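Novice: Sharing upload10.csv below, CSV, C-alpha atoms:
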chain,number,residue,atom,x,y,z
P,21,MET,CA,178.0,166.5,89.8
P,22,LYS,CA,181.2,168.3,90.8
P,23,LYS,CA,182.7,165.0,92.0
P,24,GLU,CA,182.1,163.3,88.7
P,25,TYR,CA,184.0,166.0,86.8
P,26,MET,CA,186.8,166.0,89.4
P,27,VAL,CA,187.2,162.3,89.1
P,28,ASN,CA,187.4,162.5,85.3
P,29,SER,CA,189.9,165.4,85.2
P,30,ILE,CA,192.1,164.9,88.2
P,31,SER,CA,194.7,162.8,86.3
P,32,TYR,CA,195.2,165.4,83.6
P,33,ARG,CA,197.5,168.5,84.0
P,34,LEU,CA,195.0,170.6,82.1
P,35,SER,CA,192.2,169.3,84.2
P,36,TYR,CA,188.9,171.0,83.4
P,37,LEU,CA,190.3,172.7,80.3
P,38,TRP,CA,189.9,169.4,78.4
P,39,LEU,CA,186.1,169.8,78.6
P,40,PHE,CA,186.5,172.6,76.1
P,41,LEU,CA,189.8,171.6,74.4
P,42,GLU,CA,188.7,168.1,73.3
P,43,PRO,CA,185.6,169.3,71.3
P,44,LEU,CA,187.6,172.3,70.0
P,45,LEU,CA,190.5,170.1,68.7
P,46,SER,CA,188.0,167.6,67.2
P,47,ALA,CA,186.2,170.4,65.4
P,48,LEU,CA,189.6,171.8,64.1
P,49,VAL,CA,190.5,168.4,62.7
P,50,PHE,CA,187.2,168.2,60.8
P,51,PHE,CA,187.7,171.8,59.6
P,52,PHE,CA,191.2,171.0,58.3
P,53,VAL,CA,190.1,167.7,56.6
P,54,PHE,CA,187.0,169.1,54.9
P,55,SER,CA,188.8,172.3,53.9
P,56,VAL,CA,191.6,170.2,52.2
P,57,ILE,CA,189.2,167.9,50.3
P,58,ARG,CA,187.2,171.0,49.4
P,59,ALA,CA,183.7,169.6,49.9
P,60,ASP,CA,181.0,171.0,47.7
P,61,PHE,CA,178.5,171.7,50.5
P,62,ASN,CA,178.6,174.4,53.1
P,63,LEU,CA,181.1,173.6,55.8
P,64,ALA,CA,179.2,175.6,58.4
P,65,SER,CA,176.2,173.3,57.7
P,66,LEU,CA,178.4,170.3,58.2
P,67,PHE,CA,179.7,171.5,61.6
P,68,ILE,CA,176.2,172.3,62.9
P,69,GLY,CA,175.2,168.7,62.1
P,70,LEU,CA,178.3,167.3,63.8
P,71,ALA,CA,177.6,169.4,66.9
P,72,ILE,CA,174.0,168.3,67.3
P,73,ILE,CA,174.8,164.6,66.7
P,74,ARG,CA,177.2,164.8,69.6
P,75,GLY,CA,174.3,166.1,71.8
P,76,PHE,CA,172.2,163.2,70.6
P,77,THR,CA,175.1,160.7,71.5
P,78,ILE,CA,175.5,162.2,75.0
P,79,GLY,CA,171.8,161.6,75.7
P,80,MET,CA,171.9,158.2,74.2
P,81,ASN,CA,174.9,157.0,76.2
P,82,SER,CA,173.3,158.4,79.4
P,83,GLY,CA,170.0,156.7,78.7
P,84,LEU,CA,171.6,153.4,78.1
P,85,SER,CA,173.7,153.6,81.2
P,86,THR,CA,172.2,151.4,84.0
P,87,ARG,CA,174.1,153.2,86.8
P,88,ILE,CA,172.7,156.3,88.6
P,89,LEU,CA,175.4,158.2,90.5
P,90,ASP,CA,174.6,159.2,94.1
P,91,GLY,CA,177.5,161.5,94.8
P,92,GLY,CA,179.5,158.9,96.6
P,93,LEU,CA,177.1,158.6,99.6
P,94,LYS,CA,174.9,155.6,100.4
P,95,ILE,CA,171.7,155.4,98.4
P,96,ASP,CA,169.4,155.9,101.4
P,97,ARG,CA,171.1,159.1,102.4
P,98,VAL,CA,170.5,161.0,99.1
P,99,SER,CA,167.1,161.9,97.8
P,100,SER,CA,166.0,161.0,94.3
P,101,ARG,CA,165.2,164.7,93.8
P,102,ALA,CA,168.8,165.7,94.5
P,103,ILE,CA,170.0,162.9,92.1
P,104,THR,CA,167.6,164.0,89.4
P,105,ILE,CA,168.7,167.6,89.6
P,106,ALA,CA,172.4,166.7,89.6
P,107,PHE,CA,172.0,164.2,86.7
P,108,PHE,CA,170.2,166.7,84.4
P,109,MET,CA,172.6,169.5,85.3
P,110,LYS,CA,175.5,167.3,84.2
P,111,LEU,CA,173.6,166.5,81.0
P,112,VAL,CA,173.3,170.2,80.4
P,113,VAL,CA,176.9,170.9,81.0
P,114,ASP,CA,178.1,168.0,78.9
P,115,SER,CA,175.9,169.2,76.0
P,116,LEU,CA,177.2,172.7,76.2
P,117,PHE,CA,180.8,171.6,76.2
P,118,ALA,CA,180.2,169.1,73.4
P,119,ALA,CA,178.9,172.0,71.2
P,120,SER,CA,181.6,174.5,72.4
P,121,GLY,CA,184.2,173.4,69.8
P,122,VAL,CA,181.9,173.8,66.9
P,123,ALA,CA,180.6,177.1,68.3
P,124,ALA,CA,184.2,178.4,68.4
P,125,ILE,CA,184.7,177.3,64.7
P,126,LEU,CA,181.5,179.0,63.6
P,127,VAL,CA,182.4,182.3,65.3
P,128,ILE,CA,186.1,182.3,64.2
P,129,PHE,CA,185.8,181.0,60.6
P,130,PHE,CA,182.2,181.7,59.6
P,131,GLU,CA,181.4,184.8,61.7
P,132,SER,CA,178.2,183.4,63.1
P,133,GLY,CA,176.2,185.6,65.3
P,134,VAL,CA,175.0,185.3,68.9
P,135,ILE,CA,171.6,184.0,68.0
P,136,THR,CA,173.1,181.1,66.0
P,137,ILE,CA,175.4,180.1,68.8
P,138,LEU,CA,172.6,180.3,71.4
P,139,ALA,CA,170.4,178.2,69.2
P,140,LEU,CA,173.1,175.6,68.8
P,141,PHE,CA,173.6,175.4,72.5
P,142,VAL,CA,169.9,175.2,73.3
P,143,VAL,CA,169.1,172.6,70.6
P,144,ASN,CA,172.1,170.5,71.8
P,145,ILE,CA,170.7,170.5,75.3
P,146,VAL,CA,167.2,169.6,74.1
P,147,ILE,CA,168.2,166.8,71.8
P,148,SER,CA,170.3,165.3,74.6
P,149,PHE,CA,167.3,165.3,76.9
P,150,CYS,CA,165.1,163.8,74.2
P,151,SER,CA,167.5,161.0,73.3
P,152,TYR,CA,168.1,160.3,77.0
P,153,SER,CA,164.3,160.1,77.6
P,154,PHE,CA,163.9,157.6,74.7
P,155,TYR,CA,166.9,155.3,75.4
P,156,SER,CA,166.2,155.2,79.2
P,157,ILE,CA,163.1,153.1,78.3
P,158,PHE,CA,165.5,150.2,77.8
P,159,GLN,CA,167.4,150.4,81.1
P,160,PHE,CA,165.5,147.5,82.7
P,161,PRO,CA,165.8,145.2,79.7
P,162,ILE,CA,169.5,146.0,79.6
P,163,LEU,CA,169.8,145.0,83.2
P,164,ARG,CA,168.5,141.6,82.3
P,165,SER,CA,170.4,141.3,79.1
P,166,PRO,CA,173.5,143.6,78.8
P,167,ASP,CA,174.1,142.5,75.2
P,168,PHE,CA,170.9,144.3,74.3
P,169,GLY,CA,172.5,147.6,75.4
P,170,ARG,CA,175.5,147.0,73.2
P,171,LEU,CA,173.2,146.3,70.3
P,172,LEU,CA,171.3,149.5,70.9
P,173,ARG,CA,174.4,151.6,70.7
P,174,PHE,CA,174.7,150.8,67.0
P,175,THR,CA,171.5,152.8,66.5
P,176,GLY,CA,173.7,155.8,67.0
P,177,ILE,CA,175.6,154.9,63.9
P,178,ALA,CA,172.4,154.4,62.0
P,179,MET,CA,171.2,157.8,63.2
P,180,PHE,CA,174.4,159.4,62.0
P,181,PHE,CA,174.2,158.0,58.4
P,182,GLY,CA,170.4,158.1,58.2
P,183,SER,CA,170.2,161.7,59.2
P,184,PRO,CA,171.1,165.0,57.5
P,185,VAL,CA,174.3,165.3,59.6
P,186,LEU,CA,176.9,165.7,56.9
P,187,TYR,CA,174.6,167.3,54.4
P,188,PRO,CA,171.5,169.5,54.5
P,189,LEU,CA,168.0,168.0,54.0
P,190,GLY,CA,167.7,169.7,50.6
P,191,MET,CA,170.5,167.5,49.2
P,192,THR,CA,168.5,164.3,49.8
P,193,THR,CA,166.2,162.8,47.3
P,194,GLY,CA,163.6,160.0,47.0
P,195,PHE,CA,163.3,157.4,49.7
P,196,HIS,CA,166.3,158.9,51.5
P,197,ARG,CA,164.5,162.2,51.9
P,198,THR,CA,161.4,160.4,53.2
P,199,ILE,CA,163.6,158.7,55.8
P,200,CYS,CA,165.1,162.0,56.8
P,201,ILE,CA,161.8,163.8,57.0
P,202,TYR,CA,160.5,161.2,59.5
P,203,ASN,CA,163.8,161.2,61.4
P,204,PRO,CA,163.4,163.3,64.6
P,205,PHE,CA,167.0,164.5,64.2
P,206,SER,CA,166.0,166.7,61.2
P,207,TYR,CA,163.7,168.7,63.4
P,208,PHE,CA,166.6,169.8,65.5
P,209,VAL,CA,169.3,170.5,63.0
P,210,GLU,CA,167.5,172.2,60.1
P,211,PRO,CA,166.1,175.1,62.2
P,212,VAL,CA,169.6,175.9,63.4
P,213,ARG,CA,170.9,175.8,59.8
P,214,TYR,CA,168.1,178.3,59.0
P,215,LEU,CA,169.3,180.7,61.7
P,216,ALA,CA,172.9,180.3,60.8
P,217,LEU,CA,172.8,180.1,57.0
P,218,GLY,CA,169.3,181.2,56.0
P,219,SER,CA,168.7,177.6,54.7
P,220,THR,CA,165.0,177.0,53.7
P,221,ASP,CA,165.3,173.2,54.0
P,222,TYR,CA,163.3,173.3,57.2
P,223,LEU,CA,160.2,174.0,55.0
P,224,LEU,CA,160.5,170.4,53.8
P,225,LEU,CA,159.7,169.2,57.3
P,226,LYS,CA,156.1,168.4,58.5
P,227,SER,CA,154.9,170.7,61.2
P,228,GLU,CA,152.3,168.2,62.5
P,229,LEU,CA,155.1,165.6,62.8
P,230,ALA,CA,157.2,168.1,64.8
P,231,LEU,CA,154.2,168.6,67.2
P,232,VAL,CA,153.8,164.8,67.6
P,233,TYR,CA,157.5,164.4,68.4
P,234,SER,CA,157.4,167.3,70.9
P,235,LEU,CA,154.5,165.7,72.8
P,236,CYS,CA,156.1,162.2,72.7
P,237,PHE,CA,159.5,163.4,74.0
P,238,SER,CA,157.9,165.5,76.7
P,239,VAL,CA,155.9,162.6,78.0
P,240,LEU,CA,158.9,160.2,77.9
P,241,LEU,CA,161.1,162.8,79.7
P,242,LEU,CA,158.4,163.2,82.5
P,243,LEU,CA,158.1,159.4,82.8
P,244,CYS,CA,161.9,158.8,83.1
P,245,MET,CA,162.2,161.5,85.7
P,246,LEU,CA,159.4,159.9,87.8
P,247,ARG,CA,161.0,156.5,87.7
P,248,ILE,CA,164.5,157.5,88.7
P,249,GLU,CA,163.9,156.3,92.2
P,250,LYS,CA,163.1,152.8,91.0
P,251,VAL,CA,166.1,152.8,88.6
P,252,ARG,CA,168.4,153.9,91.4
P,253,TRP,CA,167.4,150.9,93.6
P,254,GLU,CA,167.3,148.4,90.8
P,255,THR,CA,170.8,149.4,89.6
P,256,SER,CA,172.4,149.9,93.0
P,257,THR,CA,174.8,147.5,94.8
P,258,TRP,CA,172.1,147.1,97.4
P,259,ALA,CA,169.5,145.7,95.0
Please render this file's structure as structure tokens.
Specialist:
Amino acid sequence: MKKEYMVNSISYRLSYLWLFLEPLLSALVFFFVFSVIRADFNLASLFIGLAIIRGFTIGMNSGLSTRILDGGLKIDRVSSRAITIAFFMKLVVDSLFAASGVAAILVIFFESGVITILALFVVNIVISFCSYSFYSIFQFPILRSPDFGRLLRFTGIAMFFGSPVLYPLGMTTGFHRTICIYNPFSYFVEPVRYLALGSTDYLLLKSELALVYSLCFSVLLLLCMLRIEKVRWETSTWA
């Protein structure tokens, strides 16, 4: 995991600082743009949605990747357990840094409390795990047809515009609201908005559906962890 970060940061003078600076600068740009256009909805609600969709994207990109890193050593020298721990540790760290810029904006400009920031970080980690567990189902089909993987990446765009990312669930109506209610993303973002802003839009969600999603993602995550050994060999240069 350390080597992966070193390789990505060694060519930059600010090195590891970019892990925090990049999401912070992105969040500041969004803050400036939406402040200038004076959007009618709560900007804090918008930033929470943007932070969590980044966590979703991190998990999606990891799940669609068909290459499992082995720390630079030969595949038969590193156990799958070590690879699994390192992989999910990196997913956690990436999710934390992805939310760090928005967390800084919420603290500085919206005076959000510790509970809100902790909830944002935890939800970002959980949604990255969930999206990874779902998209990793398609790793073997992507090996046989790489075009399928590029097609699946467009579902991230659909998730962005078909989810309450830029607006709270309460602003949706009709069929649009129905789509959002059955969209798993809503069950991650609305509880954080409740903690941050006191929004009651989470009451529009279905508790039984939340339970079903929790069970499904838990099973998918367990299955993808159990088959990492097979994925490693199928995707290695030794296959």
Novice: Could you check how far atom CA of Gly121 of chain P sits from atom CA of Leu140 of chain P, in Å to one decimal?
Specialist: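 So the answer is 11.4 Å.
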Novice: Near Ala139 of chain P, counting only C-alpha atoms, which residues have an atom at most 12 Å away, once you skip same-chain residues fewer than 6 positions from it, shown as an MDAnalysis selection string?
Specialist: chainID P and resid 68 71:72 116 119 123 132:133 145:147 208:216
Novice: Calculated over only C-alpha atoms, which of the candidates P:Leu70, P:Ala47, P:Leu171, P:Met191 has the smallest distance to Ser219 of chain P?
Specialist: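 Selected residue with least distance to Ser219 of chain P: P:Met191.
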Novice: Using all atoms listed in the file, pick whichever of P:Tyr152, P:Leu246, P:Lys23, P:Lys226 has the shortest atom-to-atom distance to Ala106 of chain P.
Specialist: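 Selected residue with least distance to Ala106 of chain P: P:Lys23.
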Novice: Report the distance between atom CA of Tyr202 of chain P and atom CA of Leu229 of chain P in Å, rounded to one decimal place.
Specialist: 7.7 Å
Novice: Quick one, how far is atom CA of Pro166 of chain P from atom CA of Ala178 of chain P?
Specialist: 20.0 Å
Novice: Return the single residue from P:Gly169, P:Pro43, P:Gly176, P:Pro188 that is closest to Leu217 of chain P, with distances computed using all atoms listed in the file.
Specialist: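 The answer is P:Pro188, which sits nearest to Leu217 of chain P.
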